[in-house]
$ cat entry29.txt   # compact mmCIF, C-alpha atoms
# COMPACT_ATOMS: atom_id res chain seq x y z
CA MET D 1105 -25.37 -91.35 0.43
CA HIS D 1106 -27.19 -93.77 -1.88
CA SER D 1107 -25.49 -97.14 -2.38
CA THR D 1108 -25.27 -96.68 -6.20
CA GLN D 1109 -23.35 -93.44 -5.66
CA LEU D 1110 -21.11 -95.00 -3.01
CA LYS D 1111 -20.34 -97.93 -5.31
CA MET D 1112 -19.34 -95.65 -8.19
CA LEU D 1113 -17.31 -93.45 -5.83
CA ASN D 1114 -15.52 -96.59 -4.62
CA ASP D 1115 -14.74 -97.62 -8.21
CA LEU D 1116 -13.39 -94.15 -8.95
CA GLN D 1117 -11.26 -94.15 -5.79
CA ALA D 1118 -9.78 -97.51 -6.79
CA LEU D 1119 -9.02 -96.36 -10.35
CA GLU D 1120 -7.50 -93.04 -9.31
CA PHE D 1121 -5.44 -94.84 -6.69
CA THR D 1122 -4.14 -97.27 -9.31
CA THR D 1123 -3.22 -94.32 -11.52
CA PHE D 1124 -1.42 -92.57 -8.68
CA ASP D 1125 0.50 -95.69 -7.64
CA PHE D 1126 1.83 -96.05 -11.21
CA HIS D 1127 2.65 -92.33 -11.13
CA LEU D 1128 4.84 -92.77 -8.02
CA TYR D 1129 6.46 -95.89 -9.50
CA LEU D 1130 7.28 -93.95 -12.68
CA ASP D 1131 8.96 -91.24 -10.58
CA THR D 1132 11.75 -93.75 -9.90
CA HIS D 1133 11.36 -95.89 -13.08
CA PRO D 1134 10.73 -93.25 -15.79
CA ASN D 1135 11.69 -95.53 -18.71
CA ASP D 1136 9.54 -98.53 -17.76
CA GLN D 1137 7.40 -98.90 -20.90
CA ARG D 1138 4.96 -101.34 -19.32
CA ALA D 1139 4.32 -98.96 -16.41
CA LEU D 1140 3.87 -96.04 -18.84
CA ALA D 1141 1.24 -98.04 -20.71
CA GLU D 1142 -0.50 -99.17 -17.48
CA TYR D 1143 -0.54 -95.58 -16.23
CA ALA D 1144 -2.19 -94.39 -19.45
CA ARG D 1145 -4.74 -97.22 -19.33
CA ALA D 1146 -5.66 -96.59 -15.67
CA HIS D 1147 -5.89 -92.83 -16.24
CA CYS D 1148 -8.20 -93.33 -19.22
CA GLU D 1149 -10.50 -95.67 -17.28
CA ALA D 1150 -10.56 -93.29 -14.28
CA GLU D 1151 -11.54 -90.37 -16.53
CA ARG D 1152 -14.37 -92.45 -18.01
CA VAL D 1153 -15.78 -93.30 -14.55
CA LYS D 1154 -15.23 -89.71 -13.34
CA ASP D 1155 -17.37 -88.38 -16.22
CA MET D 1156 -20.11 -90.90 -15.41
CA TYR D 1157 -19.95 -90.02 -11.70
CA THR D 1158 -20.12 -86.25 -12.18
CA ALA D 1159 -22.94 -86.55 -14.73
CA SER D 1160 -25.00 -88.58 -12.22
CA PHE D 1161 -24.05 -87.15 -8.84
CA GLY D 1162 -22.48 -83.69 -9.21
CA PRO D 1163 -19.07 -82.07 -9.27
CA LEU D 1164 -15.78 -83.55 -8.08
CA THR D 1165 -13.89 -80.43 -9.13
CA ALA D 1166 -15.14 -76.84 -9.16
CA GLU D 1167 -15.12 -76.69 -12.96
CA ASP D 1168 -17.54 -79.64 -13.07
CA SER D 1169 -20.16 -76.98 -12.08
CA ILE D 1170 -19.92 -75.48 -15.59
CA ASN D 1171 -23.20 -75.82 -17.54
CA GLN D 1172 -25.10 -76.58 -14.31
CA PRO D 1173 -28.08 -74.42 -13.29
CA CYS D 1174 -26.21 -73.25 -10.17
CA TRP D 1175 -22.80 -73.51 -8.46
CA ARG D 1176 -23.20 -77.15 -7.40
CA TRP D 1177 -19.61 -77.32 -6.10
CA ILE D 1178 -20.74 -76.25 -2.62
CA GLU D 1179 -23.39 -78.95 -2.24
CA GLU D 1180 -23.05 -81.32 0.70
CA PRO D 1181 -21.81 -83.85 1.57
CA TRP D 1182 -18.14 -82.90 1.60
CA PRO D 1183 -15.81 -85.94 1.59
CA TRP D 1184 -15.45 -86.12 5.39
CA GLU D 1185 -19.23 -86.14 5.86
CA ILE D 1186 -19.95 -89.33 3.92
CA ASN D 1187 -20.84 -92.56 5.73
CA TYR D 1188 -18.68 -94.94 3.73
CA MET K 696 -0.34 -75.15 -7.06
CA TRP K 697 -2.81 -77.76 -5.94
CA HIS K 698 -6.16 -78.75 -7.32
CA TYR K 699 -8.81 -80.10 -4.93
CA GLU K 700 -10.91 -83.11 -5.80
CA LYS K 701 -14.04 -83.56 -3.72
CA LYS K 702 -13.32 -87.13 -2.68
CA LEU K 703 -11.06 -89.02 -0.27
CA GLN K 704 -8.20 -91.13 -1.61
CA TYR K 705 -9.67 -94.14 0.23
CA PRO K 706 -13.14 -94.70 1.75
CA ALA K 707 -12.55 -93.91 5.43
CA LYS K 708 -15.10 -96.25 6.94
CA VAL K 709 -15.85 -96.31 10.65
CA GLY K 710 -17.73 -99.38 11.86
CA LYS K 711 -18.70 -98.30 15.37
CA ALA K 712 -18.55 -95.27 17.63
CA ASP K 713 -15.25 -95.76 19.43
CA LEU K 714 -14.34 -92.47 21.03
CA LYS K 715 -11.19 -93.80 22.62
CA MET K 716 -9.75 -94.58 19.18
CA ALA K 717 -10.32 -90.95 18.11
CA LYS K 718 -8.03 -89.90 20.94
CA TYR K 719 -5.31 -92.27 19.70
CA LEU K 720 -5.84 -91.61 15.97
CA ILE K 721 -5.31 -87.87 16.36
CA THR K 722 -1.58 -88.55 16.70
CA GLN K 723 -1.46 -89.30 12.97
CA TYR K 724 -3.01 -85.85 12.44
CA GLY K 725 -0.66 -83.74 14.56
CA GLY K 726 1.77 -86.10 16.30
CA PRO K 727 5.53 -86.62 15.82
CA ASP K 728 5.14 -89.28 13.09
CA GLY K 729 1.85 -88.01 11.69
CA GLU K 730 0.67 -86.97 8.25
CA LEU K 731 0.94 -83.20 8.81
CA GLY K 732 4.63 -83.50 9.65
CA ALA K 733 5.18 -85.85 6.72
CA ALA K 734 3.50 -83.54 4.18
CA LEU K 735 5.29 -80.43 5.44
CA ARG K 736 8.66 -82.21 5.67
CA TYR K 737 8.64 -83.49 2.08
CA LEU K 738 7.06 -80.44 0.45
CA ASN K 739 9.69 -78.26 2.16
CA GLN K 740 12.70 -80.47 1.38
CA ARG K 741 11.89 -80.61 -2.36
CA TYR K 742 13.32 -77.12 -2.98
CA THR K 743 16.90 -78.16 -2.26
CA MET K 744 16.92 -81.55 -4.01
CA PRO K 745 19.51 -81.75 -6.80
CA THR K 746 17.63 -83.68 -9.54
CA GLY K 747 14.27 -83.52 -11.25
CA GLN K 748 13.63 -87.07 -10.09
CA SER K 749 14.15 -86.34 -6.38
CA LYS K 750 12.12 -83.10 -6.57
CA GLY K 751 9.31 -85.09 -8.19
CA VAL K 752 9.24 -87.85 -5.56
CA LEU K 753 9.17 -85.37 -2.66
CA ASN K 754 6.50 -83.29 -4.40
CA ASP K 755 4.30 -86.29 -5.12
CA ILE K 756 4.66 -88.14 -1.80
CA GLY K 757 4.20 -84.81 0.05
CA THR K 758 0.97 -84.33 -1.88
CA GLU K 759 -0.24 -87.86 -1.09
CA GLU K 760 0.41 -87.19 2.62
CA LEU K 761 -2.06 -84.30 2.44
CA ALA K 762 -4.65 -86.78 1.16
CA HIS K 763 -3.79 -89.07 4.10
CA LEU K 764 -4.16 -86.14 6.52
CA GLU K 765 -7.70 -85.77 5.18
CA ILE K 766 -8.43 -89.49 5.72
CA ILE K 767 -7.26 -89.32 9.36
CA ALA K 768 -9.28 -86.13 9.88
CA THR K 769 -12.35 -87.88 8.48
CA LEU K 770 -11.94 -90.84 10.85
CA VAL K 771 -11.54 -88.56 13.89
CA TYR K 772 -14.42 -86.32 12.78
CA GLN K 773 -16.74 -89.28 12.22
CA LEU K 774 -15.84 -90.82 15.59
CA THR K 775 -16.33 -87.60 17.60
CA LYS K 776 -19.06 -85.58 15.87
CA ASP K 777 -22.01 -87.07 17.80
CA ALA K 778 -20.32 -87.56 21.17
CA CYS K 779 -21.88 -85.86 24.17
CA VAL K 780 -19.77 -84.07 26.77
CA ASP K 781 -20.03 -86.92 29.30
CA GLU K 782 -18.77 -89.39 26.69
CA LEU K 783 -15.83 -87.10 25.89
CA LYS K 784 -15.03 -86.80 29.58
CA ALA K 785 -15.20 -90.57 30.03
CA VAL K 786 -12.32 -91.13 27.56
CA ASP K 787 -10.29 -88.24 28.97
CA LEU K 788 -11.15 -85.85 26.13
CA GLY K 789 -12.55 -83.24 28.56
CA GLY K 790 -9.38 -81.20 28.16
CA HIS K 791 -9.75 -81.28 24.40
CA TYR K 792 -13.39 -80.21 24.75
CA ALA K 793 -12.36 -77.25 26.95
CA ASP K 794 -9.87 -76.01 24.37
CA HIS K 795 -11.51 -77.03 21.08
CA ASP K 796 -15.05 -78.38 21.63
CA ARG K 797 -15.35 -81.10 18.93
CA ALA K 798 -13.05 -79.28 16.50
CA LEU K 799 -10.02 -81.13 15.23
CA PHE K 800 -6.62 -79.87 16.25
CA TYR K 801 -3.01 -80.74 15.41
CA VAL K 802 -2.03 -82.61 18.57
CA ASP K 803 -0.60 -86.02 19.45
CA ALA K 804 -2.40 -88.76 21.41
CA THR K 805 -1.67 -87.02 24.72
CA GLY K 806 -2.59 -83.51 23.58
CA ASN K 807 0.82 -82.01 22.77
CA PRO K 808 0.58 -79.54 19.88
CA TRP K 809 2.34 -80.15 16.55
CA THR K 810 5.73 -78.51 16.34
CA ALA K 811 8.19 -77.89 13.48
CA ALA K 812 10.76 -79.48 15.82
CA TYR K 813 9.36 -82.84 14.58
CA ILE K 814 10.88 -82.24 11.14
CA GLN K 815 14.16 -81.16 9.61
CA ALA K 816 15.54 -79.91 6.31
CA LYS K 817 19.30 -80.31 6.21
CA GLY K 818 19.92 -79.15 2.65
CA ASP K 819 21.94 -82.33 2.15
CA PRO K 820 19.88 -84.69 -0.05
CA VAL K 821 21.41 -87.88 1.39
CA ALA K 822 20.74 -86.75 4.97
CA ASP K 823 17.21 -85.59 4.10
CA LEU K 824 16.31 -88.85 2.32
CA HIS K 825 17.55 -90.89 5.28
CA GLU K 826 15.28 -88.80 7.51
CA ASP K 827 12.39 -89.43 5.12
CA MET K 828 12.94 -93.19 5.10
CA ALA K 829 13.06 -93.23 8.92
CA ALA K 830 9.88 -91.12 9.03
CA GLU K 831 8.06 -93.64 6.82
CA GLU K 832 9.12 -96.53 9.07
CA LYS K 833 7.99 -94.65 12.19
CA ALA K 834 4.63 -93.87 10.57
CA ARG K 835 4.29 -97.52 9.51
CA ALA K 836 4.93 -98.65 13.10
CA THR K 837 2.41 -96.10 14.42
CA TYR K 838 -0.28 -97.48 12.09
CA GLN K 839 0.53 -100.99 13.31
CA TRP K 840 0.15 -99.92 16.95
CA LEU K 841 -3.14 -98.17 16.08
CA ILE K 842 -4.41 -101.35 14.36
CA ASP K 843 -3.53 -103.28 17.54
CA LEU K 844 -5.59 -100.80 19.60
CA THR K 845 -8.91 -101.38 17.81
CA ASP K 846 -11.18 -104.36 17.11
CA ASP K 847 -13.24 -102.49 14.49
CA PRO K 848 -12.62 -104.30 11.15
CA ASP K 849 -13.62 -101.22 9.09
CA LEU K 850 -11.21 -98.97 10.95
CA LYS K 851 -8.48 -101.62 10.75
CA ASP K 852 -9.00 -101.75 6.96
CA THR K 853 -8.44 -98.00 6.48
CA LEU K 854 -5.45 -97.99 8.85
CA ASN K 855 -3.98 -100.92 6.96
CA PHE K 856 -4.28 -99.02 3.67
CA LEU K 857 -2.34 -96.15 5.25
CA ARG K 858 0.22 -98.55 6.77
CA VAL K 859 0.95 -100.12 3.40
CA ARG K 860 1.34 -96.70 1.75
CA GLU K 861 4.19 -95.97 4.21
CA ILE K 862 5.95 -99.12 2.97
CA VAL K 863 5.57 -97.97 -0.66
CA HIS K 864 6.89 -94.50 0.20
CA PHE K 865 9.87 -96.05 2.01
CA GLN K 866 10.61 -98.03 -1.14
CA ARG K 867 10.40 -94.94 -3.42
CA PHE K 868 12.62 -92.90 -1.09
CA GLY K 869 15.15 -95.77 -1.01
CA GLU K 870 15.23 -95.88 -4.81
CA THR K 871 15.63 -92.09 -4.85
CA LEU K 872 18.55 -92.33 -2.40
CA ASP K 873 20.28 -94.82 -4.74
CA LEU K 874 19.67 -92.54 -7.74
CA ILE K 875 21.03 -89.48 -5.84
CA GLN K 876 24.16 -91.36 -4.82
CA GLU K 877 24.69 -92.47 -8.44
CA PHE K 878 24.23 -88.86 -9.53
CA GLN K 879 26.73 -87.61 -6.94
CA ASN K 880 29.30 -90.29 -7.87
CA SER K 881 28.98 -89.42 -11.57
CA LYS K 882 29.93 -85.79 -10.93
CA HIS K 883 33.65 -84.90 -10.87
CA VAL K 884 34.29 -83.36 -7.49
CA PHE K 885 37.63 -81.49 -7.20
$ encode --input "entry29.txt" --output "structure tokens"
Amino acid sequence: MHSTQLKMLNDLQALEFTTFDFHLYLDTHPNDQRALAEYARAHCEAERVKDMYTASFGPLTAEDSINQPCWRWIEEPWPWEINY
Amino acid sequence: MWHYEKKLQYPAKVGKADLKMAKYLITQYGGPDGELGAALRYLNQRYTMPTGQSKGVLNDIGTEELAHLEIIATLVYQLTKDACVDELKAVDLGGHYADHDRALFYVDATGNPWTAAYIQAKGDPVADLHEDMAAEEKARATYQWLIDLTDDPDLKDTLNFLRVREIVHFQRFGETLDLIQEFQNSKHVF
């Protein structure tokens, strides 16, 4: 995998992880307004990078194959085949 | 339902071909304190939790454990995919080769298959959450022992990510236990 793709994948992994960690925190602190705001901010940033990633390198979810010339979902590499 | 995203939660980097580590790492795939047991334990216990909060935590941590199962699988797959039969034999993986070739399987570090006897669902939320907290501590200790077994900094990095997640899960389960006990004390029991 090209280093530009790996770098963007890394950024996306970090952003989605941040989002998920706030998600778990909110499960036990549902009224924490700062965490709610941080969750929204991280989610928004992750969506932005996800759109950039899929536009450049192909689908992360099956529905990202919509408006593509073929069903790109099944293209390799699958996540366990990447040399990180 | 679940929705698959074609990416790992964390970049599972392997620095060098270390076949012996694959044999040890597989325990977090199908061993007594591994990710399969964790995911199945939490996703099964969520049905009999009494509050939306506790159902949510078990649902969400159970889901994260599936992502961790995939990280462990990736490490083992990457470490074993190019090994020749003699190399497998040299690290005592000849038995695994006889039964599974290079396929992954849900076993512990000495080849024992995963069993539902590793997990429990008591129907009592306080008992179940104590089991979950113990499970997280056992998984944390396993990751520490695995880190001790390798000198590959890339592998250590991924294992450390997983180790720290167990600490976070322990914390969330502890908070959930407090919230459940508050909930139970607030109910009038006659």
$ interface_residues --input "entry29.txt" --of "chain K" --to "chain D" --cutoff "10 Å" --atoms "all atoms listed in the file" --output "JSON, numbers by chain"
{"K": [698, 699, 700, 701, 702, 703, 704, 705, 706, 707, 708, 709, 710, 747, 748, 749, 750, 751, 752, 753, 755, 756, 759, 765, 766, 767, 768, 769, 770, 771, 772, 773, 849, 860, 863, 864, 866, 867, 868, 869, 870, 871, 874]}
$ atom_distance --input "entry29.txt" --atom1 "CA of Trp697 (chain K)" --atom2 "CA of His1147 (chain D)"
18.5 Å
$ atom_distance --input "entry29.txt" --atom1 "CA of Glu1179 (chain D)" --atom2 "CA of Met1112 (chain D)"
18.2 Å
$ atom_distance --input "entry29.txt" --atom1 "CA of Glu1180 (chain D)" --atom2 "CA of Lys776 (chain K)"
16.3 Å
$ residues_around --input "entry29.txt" --residues "Ala1159 (chain D)" --least-positions-apart "5" --cutoff "12 Å" --atoms "only C-alpha atoms" --output "list in words"
Gln1109, Met1112, Arg1152, Val1153, Lys1154, Leu1164, Asp1168, Ser1169, Ile1170, Asn1171, Gln1172 and Arg1176 of chain D
$ residues_around --input "entry29.txt" --residues "Thr775 (chain K)" --least-positions-apart "6" --cutoff "7 Å" --atoms "all atoms listed in the file" --output "number ranges by chain"
K: 714, 717, 797
$ write_last_selection --input "entry29.txt" --atoms "C-alpha atoms" --output "PDB file, in the coordinates of the input"
ATOM      1  CA  LEU K 714     -14.340 -92.470  21.030  1.00  0.00           C
ATOM      2  CA  ALA K 717     -10.320 -90.950  18.110  1.00  0.00           C
ATOM      3  CA  ARG K 797     -15.350 -81.100  18.930  1.00  0.00           C
TER       4      ARG K 797
END
$ residues_around --input "entry29.txt" --residues "Trp840 (chain K)" --least-positions-apart "3" --cutoff "12 Å" --atoms "all atoms listed in the file" --output "PyMOL selection string"
chain K and resi 716+719-720+722-723+833-837+843-845+851+854-855+858
$ residues_near_point --input "entry29.txt" --point "(-0.1, -82.4, 16.7)" --cutoff "9 Å" --atoms "only C-alpha atoms" --output "PyMOL selection string"
chain K and resi 721-727+729+731-732+800-804+806-810
$ closest_residue --input "entry29.txt" --among "K:Leu774, K:Asp823, K:Thr805, K:Asp852" --to "Asp787 (chain K)" --atoms "all atoms listed in the file"
K:Thr805
$ closest_residue --input "entry29.txt" --among "D:Glu1167, D:Gly1162, D:Cys1174, D:Ala1144" --to "Leu1119 (chain D)" --atoms "all atoms listed in the file"
D:Ala1144
$ decode --input "entry29.txt" --residues "region 703-715 of chain K" --atoms "all heavy atoms" --output "CSV table (one decimal), in the first residue's frame"
chain,number,residue,atom,x,y,z
K,703,LEU,N,-8.9,-1.7,10.1
K,703,LEU,CA,-8.7,-2.2,11.4
K,703,LEU,C,-8.8,-1.0,12.4
K,703,LEU,O,-8.7,0.2,12.0
K,703,LEU,CB,-7.3,-2.7,11.6
K,703,LEU,CG,-6.9,-4.0,10.8
K,703,LEU,CD1,-5.4,-4.4,11.2
K,703,LEU,CD2,-7.8,-5.1,11.1
K,704,GLN,N,-9.1,-1.2,13.7
K,704,GLN,CA,-9.2,-0.1,14.6
K,704,GLN,C,-7.9,0.5,14.9
K,704,GLN,O,-7.8,1.7,15.1
K,704,GLN,CB,-9.8,-0.7,16.0
K,704,GLN,CG,-10.2,0.5,16.9
K,704,GLN,CD,-10.4,0.0,18.3
K,704,GLN,OE1,-10.0,-1.1,18.7
K,704,GLN,NE2,-11.2,0.8,19.1
K,705,TYR,N,-6.8,-0.3,14.7
K,705,TYR,CA,-5.5,0.2,15.0
K,705,TYR,C,-4.5,-0.5,14.0
K,705,TYR,O,-4.7,-1.7,13.7
K,705,TYR,CB,-5.0,-0.2,16.4
K,705,TYR,CG,-3.8,0.5,16.9
K,705,TYR,CD1,-3.8,1.8,17.4
K,705,TYR,CD2,-2.6,-0.2,16.9
K,705,TYR,CE1,-2.7,2.4,17.9
K,705,TYR,CE2,-1.4,0.4,17.3
K,705,TYR,CZ,-1.5,1.7,17.9
K,705,TYR,OH,-0.3,2.3,18.3
K,706,PRO,N,-3.5,0.2,13.5
K,706,PRO,CA,-2.6,-0.4,12.5
K,706,PRO,C,-1.8,-1.5,13.1
K,706,PRO,O,-0.9,-1.2,13.9
K,706,PRO,CB,-1.7,0.8,12.0
K,706,PRO,CG,-1.9,1.9,13.0
K,706,PRO,CD,-3.2,1.7,13.7
K,707,ALA,N,-2.1,-2.7,12.8
K,707,ALA,CA,-1.5,-3.9,13.4
K,707,ALA,C,-0.1,-4.2,12.7
K,707,ALA,O,-0.1,-5.0,11.7
K,707,ALA,CB,-2.4,-5.1,13.3
K,708,LYS,N,0.9,-3.5,13.1
K,708,LYS,CA,2.2,-3.6,12.4
K,708,LYS,C,3.1,-4.7,13.0
K,708,LYS,O,3.2,-4.8,14.2
K,708,LYS,CB,2.9,-2.2,12.6
K,708,LYS,CG,4.0,-2.0,11.6
K,708,LYS,CD,4.6,-0.6,11.6
K,708,LYS,CE,5.7,-0.5,10.6
K,708,LYS,NZ,6.3,0.8,10.7
K,709,VAL,N,3.7,-5.4,12.1
K,709,VAL,CA,4.6,-6.5,12.5
K,709,VAL,C,5.9,-6.1,12.0
K,709,VAL,O,6.1,-5.9,10.8
K,709,VAL,CB,4.1,-7.9,11.9
K,709,VAL,CG1,5.2,-8.9,12.2
K,709,VAL,CG2,2.8,-8.3,12.5
K,710,GLY,N,6.9,-6.0,12.8
K,710,GLY,CA,8.3,-5.6,12.4
K,710,GLY,C,9.1,-6.6,11.8
K,710,GLY,O,9.9,-6.4,10.9
K,711,LYS,N,9.0,-7.9,12.3
K,711,LYS,CA,9.9,-8.9,11.8
K,711,LYS,C,9.1,-10.3,11.9
K,711,LYS,O,8.1,-10.4,12.7
K,711,LYS,CB,11.2,-9.0,12.6
K,711,LYS,CG,11.0,-9.3,14.1
K,711,LYS,CD,12.3,-9.6,14.8
K,711,LYS,CE,12.0,-10.1,16.2
K,711,LYS,NZ,13.2,-10.5,16.9
K,712,ALA,N,9.5,-11.2,11.0
K,712,ALA,CA,8.9,-12.5,11.0
K,712,ALA,C,9.3,-13.3,12.3
K,712,ALA,O,10.4,-13.7,12.5
K,712,ALA,CB,9.3,-13.3,9.8
K,713,ASP,N,8.4,-13.4,13.2
K,713,ASP,CA,8.7,-14.1,14.5
K,713,ASP,C,7.6,-15.1,14.7
K,713,ASP,O,6.5,-14.8,15.3
K,713,ASP,CB,8.7,-13.0,15.6
K,713,ASP,CG,9.1,-13.6,17.0
K,713,ASP,OD1,9.1,-14.9,17.1
K,713,ASP,OD2,9.2,-12.9,18.0
K,714,LEU,N,7.8,-16.3,14.2
K,714,LEU,CA,6.8,-17.3,14.2
K,714,LEU,C,6.4,-17.8,15.6
K,714,LEU,O,5.3,-18.1,15.9
K,714,LEU,CB,7.4,-18.5,13.4
K,714,LEU,CG,6.4,-19.3,12.6
K,714,LEU,CD1,5.4,-18.4,11.8
K,714,LEU,CD2,7.2,-20.2,11.6
K,715,LYS,N,7.4,-17.7,16.5
K,715,LYS,CA,7.1,-18.2,17.8
K,715,LYS,C,6.1,-17.3,18.5
K,715,LYS,O,5.2,-17.7,19.2
K,715,LYS,CB,8.4,-18.1,18.7
K,715,LYS,CG,8.4,-19.1,19.8
K,715,LYS,CD,9.8,-19.6,20.2
K,715,LYS,CE,9.6,-21.0,20.8
K,715,LYS,NZ,10.9,-21.6,21.1
